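Presented below is the structure to which this report refers.
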Amino acid sequence: MLSLGFKRASVARSLEFTRTVAQLTSIHAVPSVKTPVGRVNHSLEASNERKCLLTRPGLLGIKRGMITWFTDSGESYAATVIEIDACEVIQNKTLSTDGYWSVLLGQVDKLKNISENNLKKFEQAGVTPKHHIAEFRIRDGSGLIPVGTELRADYFAVGQQVDIKGVTKGKGFAGPMKRWGFAGLPATHGVSLAHRSHGAMGGNQTPGRVLPGKKMAGRMGGKNCTVFNNQVLYANGDEGILIVKGQIPGPNKSFVKIRDALKLYGKSLLRIKHEKEGGVVASSS
Amino acid sequence: MFTRFTSGLKPLRISVQAIRTFIPTVKASSQTPTVFEPLPSKRNGQSVMKYLHEKLTKKYDPTGKRTALVDQQKGLRSGDIIKVTYLDRTSVVGQIIAIKRSVRNVGTNILLRNKINKLGVEVRIPLYNPKIRNIEVLYKPKKYMPRRKHFYIRNTKYDVGDVEAFLSREKRKQDS
């Protein structure tokens, strides 16, 4: 802070320039207050708080095929059979060591052709080497399961809802009608060799290019897909059989991930905090 | 229908038996890591679909009567007339026009056709439906129409008539 003033000689102007009031306040002299550090939303901690998660991990399974399922009242449903085969806990990840809570599961025993590095990991866990490993993030440490525990099909209750994630059947290079459900071009009226094509792709001079994300022909299928809120019709731990209502992605024999329905049972830490405080939170389901 | 488990999930029970004891198959040395023995196989190593099919057929068809009905050689054929009686004593009569056989599945069903007030009516009967009390064969023709599935008879001169009226006519013929 600098304030500079000149004293005007009223009567007799001296030639000499005198500086009367000139003050320089040192920055160190200004009393400072430490402001709190702003919340960084793009951080792991904030992301963990926002993420809608479940209290416990799910299961790994193998899709085995579809059957007809009768209820006692005589209704019949199309149902999918999932085998739960030697699904065991391999590792627990914790907030302090990994930055988030999760449970690592493996399924289907595999005794041959495993690298020594991986063998050591299974040895540490005390389980047979596995064919398929997957991770389930959980909300906090209360959902961790001791390493080496076998999770059985009766982990899920009959009547509850589950989400199932799998990789869809690969369809190869598919046209826009199959891939995006376009209507195609007319059968007649001068259309030649373009009955299953898409039509226009956008404007001409404006924007002068095809916009990114335009729906066109290309590789279809072979992508991750989750079906939500499938009902559990049957769960038997000894048999290792889980039957869910409806269909699930992927071909038979494919590996799938099954978890409690996120839209029903999932909550974020932030939401729980708001609920505790009694604030109004928009419903996620 | 079903109750939604919104409030509480089934709590996880980890019993002592669940955490298994491990028997190393390979002797642990300084170099090779130990490989633990796999868990005992479930269902005596039987495939899931086969096991489930056997279990469900045993549940819905303990005597094997229903399965025998759709046997390819000796069972029902398109053209036969059957009567399906339900547990609540209601019944359906009609001519079979198709039998859909499911593989390793209790989804086998029979398509029945009849004419009610000159209007063609079709019902698909799930063979293993637990609500069905009995399936009775009322009439087997001497000569069958060609093909296994008789979809082509719909609204042609080969179409089924009023099945009940046809049966009573046949009965009168036999009596006289």
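Lettering and numbering for the structure tokens are positional, with chains as A, B, ... in the shown order, residues counted from 1 in each chain, and ligands counted from 1 in the shown order.
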All residues 8 Å or closer to Gly94 (chain B), only C-alpha atoms, same chain fewer than 4 positions away omitted, as a ChimeraX atom specification = /B:81-83,112-114,163
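Residues surrounding region 131-143 of chain B within 8 Å are Ser73 and Gly74 of chain A; Gly79, Asp80, Ile81, Ile82, Lys83, Val84, Thr85, Tyr86, Leu87, Tyr128 and Leu167 of chain B [only C-alpha atoms; sequence separation below 3 positions excluded].
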Can you check which parts of chain A lie within 8 Å of chain B? Per residue, the shortest pair of atoms and distance in Å to one decimal, counting only C-alpha atoms, sorted by chain and number, as a Markdown table.
```
| residue | atom | partner | partner_atom | distance |
| --- | --- | --- | --- | --- |
| A:Arg64 | CA | B:Met49 | CA | 7.0 |
| A:Gly65 | CA | B:Met49 | CA | 7.4 |
| A:Ile67 | CA | B:Asn105 | CA | 5.6 |
| A:Thr68 | CA | B:Gly107 | CA | 5.1 |
| A:Trp69 | CA | B:Val106 | CA | 7.8 |
| A:Phe70 | CA | B:Asn129 | CA | 6.8 |
| A:Asp72 | CA | B:Pro130 | CA | 7.0 |
| A:Ser73 | CA | B:Lys131 | CA | 7.2 |
| A:Gly74 | CA | B:Lys131 | CA | 5.4 |
| A:Ser76 | CA | B:Asn129 | CA | 7.9 |
| A:Val81 | CA | B:Met49 | CA | 7.8 |
| A:Glu83 | CA | B:Val48 | CA | 6.9 |
| A:Ala86 | CA | B:Leu39 | CA | 6.7 |
| A:Asp109 | CA | B:Pro38 | CA | 6.2 |
| A:Leu111 | CA | B:Val35 | CA | 7.9 |
| A:Glu116 | CA | B:Pro33 | CA | 7.3 |
| A:Leu119 | CA | B:Pro33 | CA | 6.3 |
| A:Lys120 | CA | B:Pro33 | CA | 5.7 |
| A:Phe122 | CA | B:Val35 | CA | 7.8 |
| A:Glu123 | CA | B:Thr34 | CA | 5.8 |
| A:Gly126 | CA | B:Phe36 | CA | 6.9 |
| A:Val127 | CA | B:Phe36 | CA | 5.9 |
| A:Thr128 | CA | B:Phe36 | CA | 4.8 |
| A:Pro129 | CA | B:Val35 | CA | 7.2 |
| A:Gly148 | CA | B:Ile19 | CA | 6.5 |
| A:Thr149 | CA | B:Ile19 | CA | 5.0 |
| A:Glu150 | CA | B:Ala18 | CA | 6.0 |
| A:Tyr155 | CA | B:Leu12 | CA | 6.5 |
| A:Phe156 | CA | B:Lys10 | CA | 6.9 |
| A:Ala157 | CA | B:Lys10 | CA | 6.0 |
| A:Gly159 | CA | B:Phe2 | CA | 6.2 |
| A:Gln160 | CA | B:Phe5 | CA | 5.4 |
| A:Gln161 | CA | B:Arg4 | CA | 7.5 |
| A:Asp238 | CA | B:Lys42 | CA | 6.8 |
| A:Glu239 | CA | B:Lys42 | CA | 5.8 |
| A:Gly240 | CA | B:Lys42 | CA | 6.8 |
| A:Ile241 | CA | B:Val48 | CA | 7.3 |
| A:Leu264 | CA | B:Thr6 | CA | 6.3 |
| A:Tyr265 | CA | B:Thr6 | CA | 6.7 |
```
Write out, as an mmCIF file, in the first residue's frame, the residues just selected, with N, CA and C atoms.
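Generated output (selection-v4.cif):
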```cif
data_model
loop_
_atom_site.group_PDB
_atom_site.id
_atom_site.type_symbol
_atom_site.label_atom_id
_atom_site.label_comp_id
_atom_site.auth_asym_id
_atom_site.auth_seq_id
_atom_site.Cartn_x
_atom_site.Cartn_y
_atom_site.Cartn_z
ATOM 1 N N ARG A 64 -25.354 -70.679 -18.380
ATOM 2 C CA ARG A 64 -25.461 -72.059 -18.839
ATOM 3 C C ARG A 64 -26.615 -72.300 -19.807
ATOM 4 N N GLY A 65 -27.537 -71.378 -19.918
ATOM 5 C CA GLY A 65 -28.646 -71.588 -20.855
ATOM 6 C C GLY A 65 -29.955 -71.106 -20.278
ATOM 7 N N ILE A 67 -34.206 -71.706 -19.588
ATOM 8 C CA ILE A 67 -35.221 -72.733 -19.365
ATOM 9 C C ILE A 67 -36.583 -72.074 -19.127
ATOM 10 N N THR A 68 -37.601 -72.907 -19.067
ATOM 11 C CA THR A 68 -38.923 -72.437 -18.658
ATOM 12 C C THR A 68 -39.059 -72.675 -17.161
ATOM 13 N N TRP A 69 -39.522 -71.678 -16.467
ATOM 14 C CA TRP A 69 -39.665 -71.787 -15.008
ATOM 15 C C TRP A 69 -41.129 -71.625 -14.634
ATOM 16 N N PHE A 70 -41.663 -72.596 -13.906
ATOM 17 C CA PHE A 70 -43.053 -72.518 -13.456
ATOM 18 C C PHE A 70 -43.114 -72.053 -12.013
ATOM 19 N N ASP A 72 -45.579 -71.721 -8.520
ATOM 20 C CA ASP A 72 -46.573 -72.621 -7.942
ATOM 21 C C ASP A 72 -47.977 -72.288 -8.425
ATOM 22 N N SER A 73 -48.172 -71.021 -8.804
ATOM 23 C CA SER A 73 -49.505 -70.631 -9.263
ATOM 24 C C SER A 73 -49.706 -70.943 -10.749
ATOM 25 N N GLY A 74 -48.727 -71.571 -11.380
ATOM 26 C CA GLY A 74 -48.894 -72.005 -12.756
ATOM 27 C C GLY A 74 -48.429 -71.022 -13.797
ATOM 28 N N SER A 76 -45.653 -69.240 -16.094
ATOM 29 C CA SER A 76 -44.351 -69.691 -16.578
ATOM 30 C C SER A 76 -43.535 -68.488 -17.037
ATOM 31 N N VAL A 81 -30.235 -69.873 -16.462
ATOM 32 C CA VAL A 81 -29.518 -70.655 -15.465
ATOM 33 C C VAL A 81 -28.074 -70.174 -15.411
ATOM 34 N N GLU A 83 -24.403 -70.877 -13.419
ATOM 35 C CA GLU A 83 -23.678 -71.772 -12.527
ATOM 36 C C GLU A 83 -22.700 -70.967 -11.690
ATOM 37 N N ALA A 86 -17.095 -72.618 -7.745
ATOM 38 C CA ALA A 86 -15.874 -72.320 -6.983
ATOM 39 C C ALA A 86 -15.532 -70.831 -7.004
ATOM 40 N N ASP A 109 -11.881 -73.253 -11.179
ATOM 41 C CA ASP A 109 -10.514 -73.703 -10.906
ATOM 42 C C ASP A 109 -9.775 -73.998 -12.205
ATOM 43 N N LEU A 111 -5.921 -75.389 -13.231
ATOM 44 C CA LEU A 111 -4.672 -75.874 -12.652
ATOM 45 C C LEU A 111 -3.502 -75.787 -13.615
ATOM 46 N N GLU A 116 3.910 -68.099 -13.133
ATOM 47 C CA GLU A 116 4.367 -68.275 -11.757
ATOM 48 C C GLU A 116 4.016 -67.070 -10.894
ATOM 49 N N LEU A 119 0.548 -67.540 -9.886
ATOM 50 C CA LEU A 119 0.448 -68.661 -8.944
ATOM 51 C C LEU A 119 0.749 -68.208 -7.523
ATOM 52 N N LYS A 120 1.720 -67.316 -7.418
ATOM 53 C CA LYS A 120 2.107 -66.821 -6.099
ATOM 54 C C LYS A 120 0.965 -66.053 -5.443
ATOM 55 N N PHE A 122 -2.230 -66.572 -5.917
ATOM 56 C CA PHE A 122 -3.240 -67.520 -5.449
ATOM 57 C C PHE A 122 -2.749 -68.265 -4.213
ATOM 58 N N GLU A 123 -1.446 -68.494 -4.176
ATOM 59 C CA GLU A 123 -0.876 -69.163 -3.010
ATOM 60 C C GLU A 123 -1.056 -68.288 -1.775
ATOM 61 N N GLY A 126 -4.468 -68.503 -0.644
ATOM 62 C CA GLY A 126 -4.817 -69.825 -0.137
ATOM 63 C C GLY A 126 -5.945 -70.454 -0.911
ATOM 64 N N VAL A 127 -6.068 -70.138 -2.196
ATOM 65 C CA VAL A 127 -7.116 -70.740 -3.027
ATOM 66 C C VAL A 127 -6.484 -71.356 -4.269
ATOM 67 N N THR A 128 -7.282 -72.202 -4.927
ATOM 68 C CA THR A 128 -6.842 -72.804 -6.177
ATOM 69 C C THR A 128 -6.734 -71.712 -7.236
ATOM 70 N N PRO A 129 -5.773 -71.824 -8.157
ATOM 71 C CA PRO A 129 -5.718 -70.845 -9.246
ATOM 72 C C PRO A 129 -7.034 -70.774 -10.006
ATOM 73 N N GLY A 148 -10.212 -66.294 0.913
ATOM 74 C CA GLY A 148 -10.312 -67.745 0.883
ATOM 75 C C GLY A 148 -11.716 -68.266 1.119
ATOM 76 N N THR A 149 -12.678 -67.357 1.401
ATOM 77 C CA THR A 149 -14.058 -67.790 1.613
ATOM 78 C C THR A 149 -14.694 -68.170 0.284
ATOM 79 N N GLU A 150 -15.421 -69.258 0.292
ATOM 80 C CA GLU A 150 -16.168 -69.622 -0.909
ATOM 81 C C GLU A 150 -17.544 -68.985 -0.834
ATOM 82 N N TYR A 155 -26.015 -67.035 -1.589
ATOM 83 C CA TYR A 155 -25.634 -65.674 -1.196
ATOM 84 C C TYR A 155 -26.784 -64.721 -1.527
ATOM 85 N N PHE A 156 -27.477 -64.991 -2.631
ATOM 86 C CA PHE A 156 -28.636 -64.176 -3.006
ATOM 87 C C PHE A 156 -29.912 -64.849 -2.512
ATOM 88 N N ALA A 157 -30.867 -64.034 -2.102
ATOM 89 C CA ALA A 157 -32.138 -64.567 -1.604
ATOM 90 C C ALA A 157 -33.113 -64.704 -2.760
ATOM 91 N N GLY A 159 -36.250 -64.074 -4.711
ATOM 92 C CA GLY A 159 -37.189 -62.951 -4.698
ATOM 93 C C GLY A 159 -36.500 -61.599 -4.773
ATOM 94 N N GLN A 160 -35.217 -61.549 -4.453
ATOM 95 C CA GLN A 160 -34.527 -60.255 -4.528
ATOM 96 C C GLN A 160 -34.156 -59.945 -5.985
ATOM 97 N N GLN A 161 -33.721 -58.710 -6.227
ATOM 98 C CA GLN A 161 -33.365 -58.300 -7.573
ATOM 99 C C GLN A 161 -31.851 -58.242 -7.712
ATOM 100 N N ASP A 238 -25.560 -75.649 -2.514
ATOM 101 C CA ASP A 238 -24.945 -76.973 -2.661
ATOM 102 C C ASP A 238 -24.870 -77.387 -4.122
ATOM 103 N N GLU A 239 -25.911 -77.036 -4.867
ATOM 104 C CA GLU A 239 -25.921 -77.385 -6.289
ATOM 105 C C GLU A 239 -25.124 -76.380 -7.116
ATOM 106 N N GLY A 240 -24.909 -75.199 -6.569
ATOM 107 C CA GLY A 240 -24.208 -74.156 -7.314
ATOM 108 C C GLY A 240 -25.042 -73.607 -8.454
ATOM 109 N N ILE A 241 -26.358 -73.546 -8.248
ATOM 110 C CA ILE A 241 -27.241 -73.093 -9.323
ATOM 111 C C ILE A 241 -27.984 -71.836 -8.892
ATOM 112 N N LEU A 264 -31.765 -50.413 -6.518
ATOM 113 C CA LEU A 264 -32.601 -50.610 -5.335
ATOM 114 C C LEU A 264 -31.790 -50.517 -4.045
ATOM 115 N N TYR A 265 -30.626 -51.177 -4.049
ATOM 116 C CA TYR A 265 -29.890 -51.320 -2.791
ATOM 117 C C TYR A 265 -28.651 -50.433 -2.727
#
```
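When the distance limit is 10 Å and only C-alpha atoms are what count, the residues near Ala125 (chain A), minus those fewer than 6 positions from it on the same chain, are Glu88, Val89, Ile90, Gln91, Asn92, Leu119, Pro146, Val147, Gly148 and Thr149 of chain A.
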Prev. selection, N, CA and C atoms, output as a short mmCIF file (atom, residue, chain, number, x, y, z; two decimals), in the first residue's frame:
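Contents of the output file again19.cif:
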```
data_model
loop_
_atom_site.label_atom_id
_atom_site.label_comp_id
_atom_site.auth_asym_id
_atom_site.auth_seq_id
_atom_site.Cartn_x
_atom_site.Cartn_y
_atom_site.Cartn_z
N GLU A 88 -14.44 -67.78 -5.20
CA GLU A 88 -13.75 -67.56 -3.93
C GLU A 88 -13.10 -66.19 -3.85
N VAL A 89 -12.93 -65.73 -2.61
CA VAL A 89 -12.34 -64.41 -2.39
C VAL A 89 -10.82 -64.54 -2.50
N ILE A 90 -10.21 -63.71 -3.33
CA ILE A 90 -8.77 -63.76 -3.55
C ILE A 90 -8.06 -62.65 -2.78
N GLN A 91 -8.69 -61.47 -2.75
CA GLN A 91 -8.01 -60.34 -2.12
C GLN A 91 -9.03 -59.31 -1.67
N ASN A 92 -8.69 -58.59 -0.61
CA ASN A 92 -9.50 -57.45 -0.19
C ASN A 92 -8.69 -56.19 -0.40
N LEU A 119 0.55 -67.54 -9.89
CA LEU A 119 0.45 -68.66 -8.94
C LEU A 119 0.75 -68.21 -7.52
N PRO A 146 -13.48 -62.40 4.43
CA PRO A 146 -12.15 -63.00 4.62
C PRO A 146 -11.65 -63.70 3.37
N VAL A 147 -10.36 -63.53 3.10
CA VAL A 147 -9.76 -64.13 1.90
C VAL A 147 -9.83 -65.65 2.01
N GLY A 148 -10.21 -66.29 0.91
CA GLY A 148 -10.31 -67.74 0.88
C GLY A 148 -11.72 -68.27 1.12
N THR A 149 -12.68 -67.36 1.40
CA THR A 149 -14.06 -67.79 1.61
C THR A 149 -14.69 -68.17 0.28
#
```
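Atom to atom, CA of Ala261 (chain A) and CA of Asn230 (chain A) stand 8.0 Å apart.
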How many Å lie between CA of Ser142 (chain A) and CA of Lys93 (chain A), rounded to one decimal?
-> 12.1 Å
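Shortest separation to Leu127 (chain B) among B:Thr67, B:Thr90, B:Thr156, B:Gln72 occurs at residue B:Thr67, atoms counted being only C-alpha atoms.
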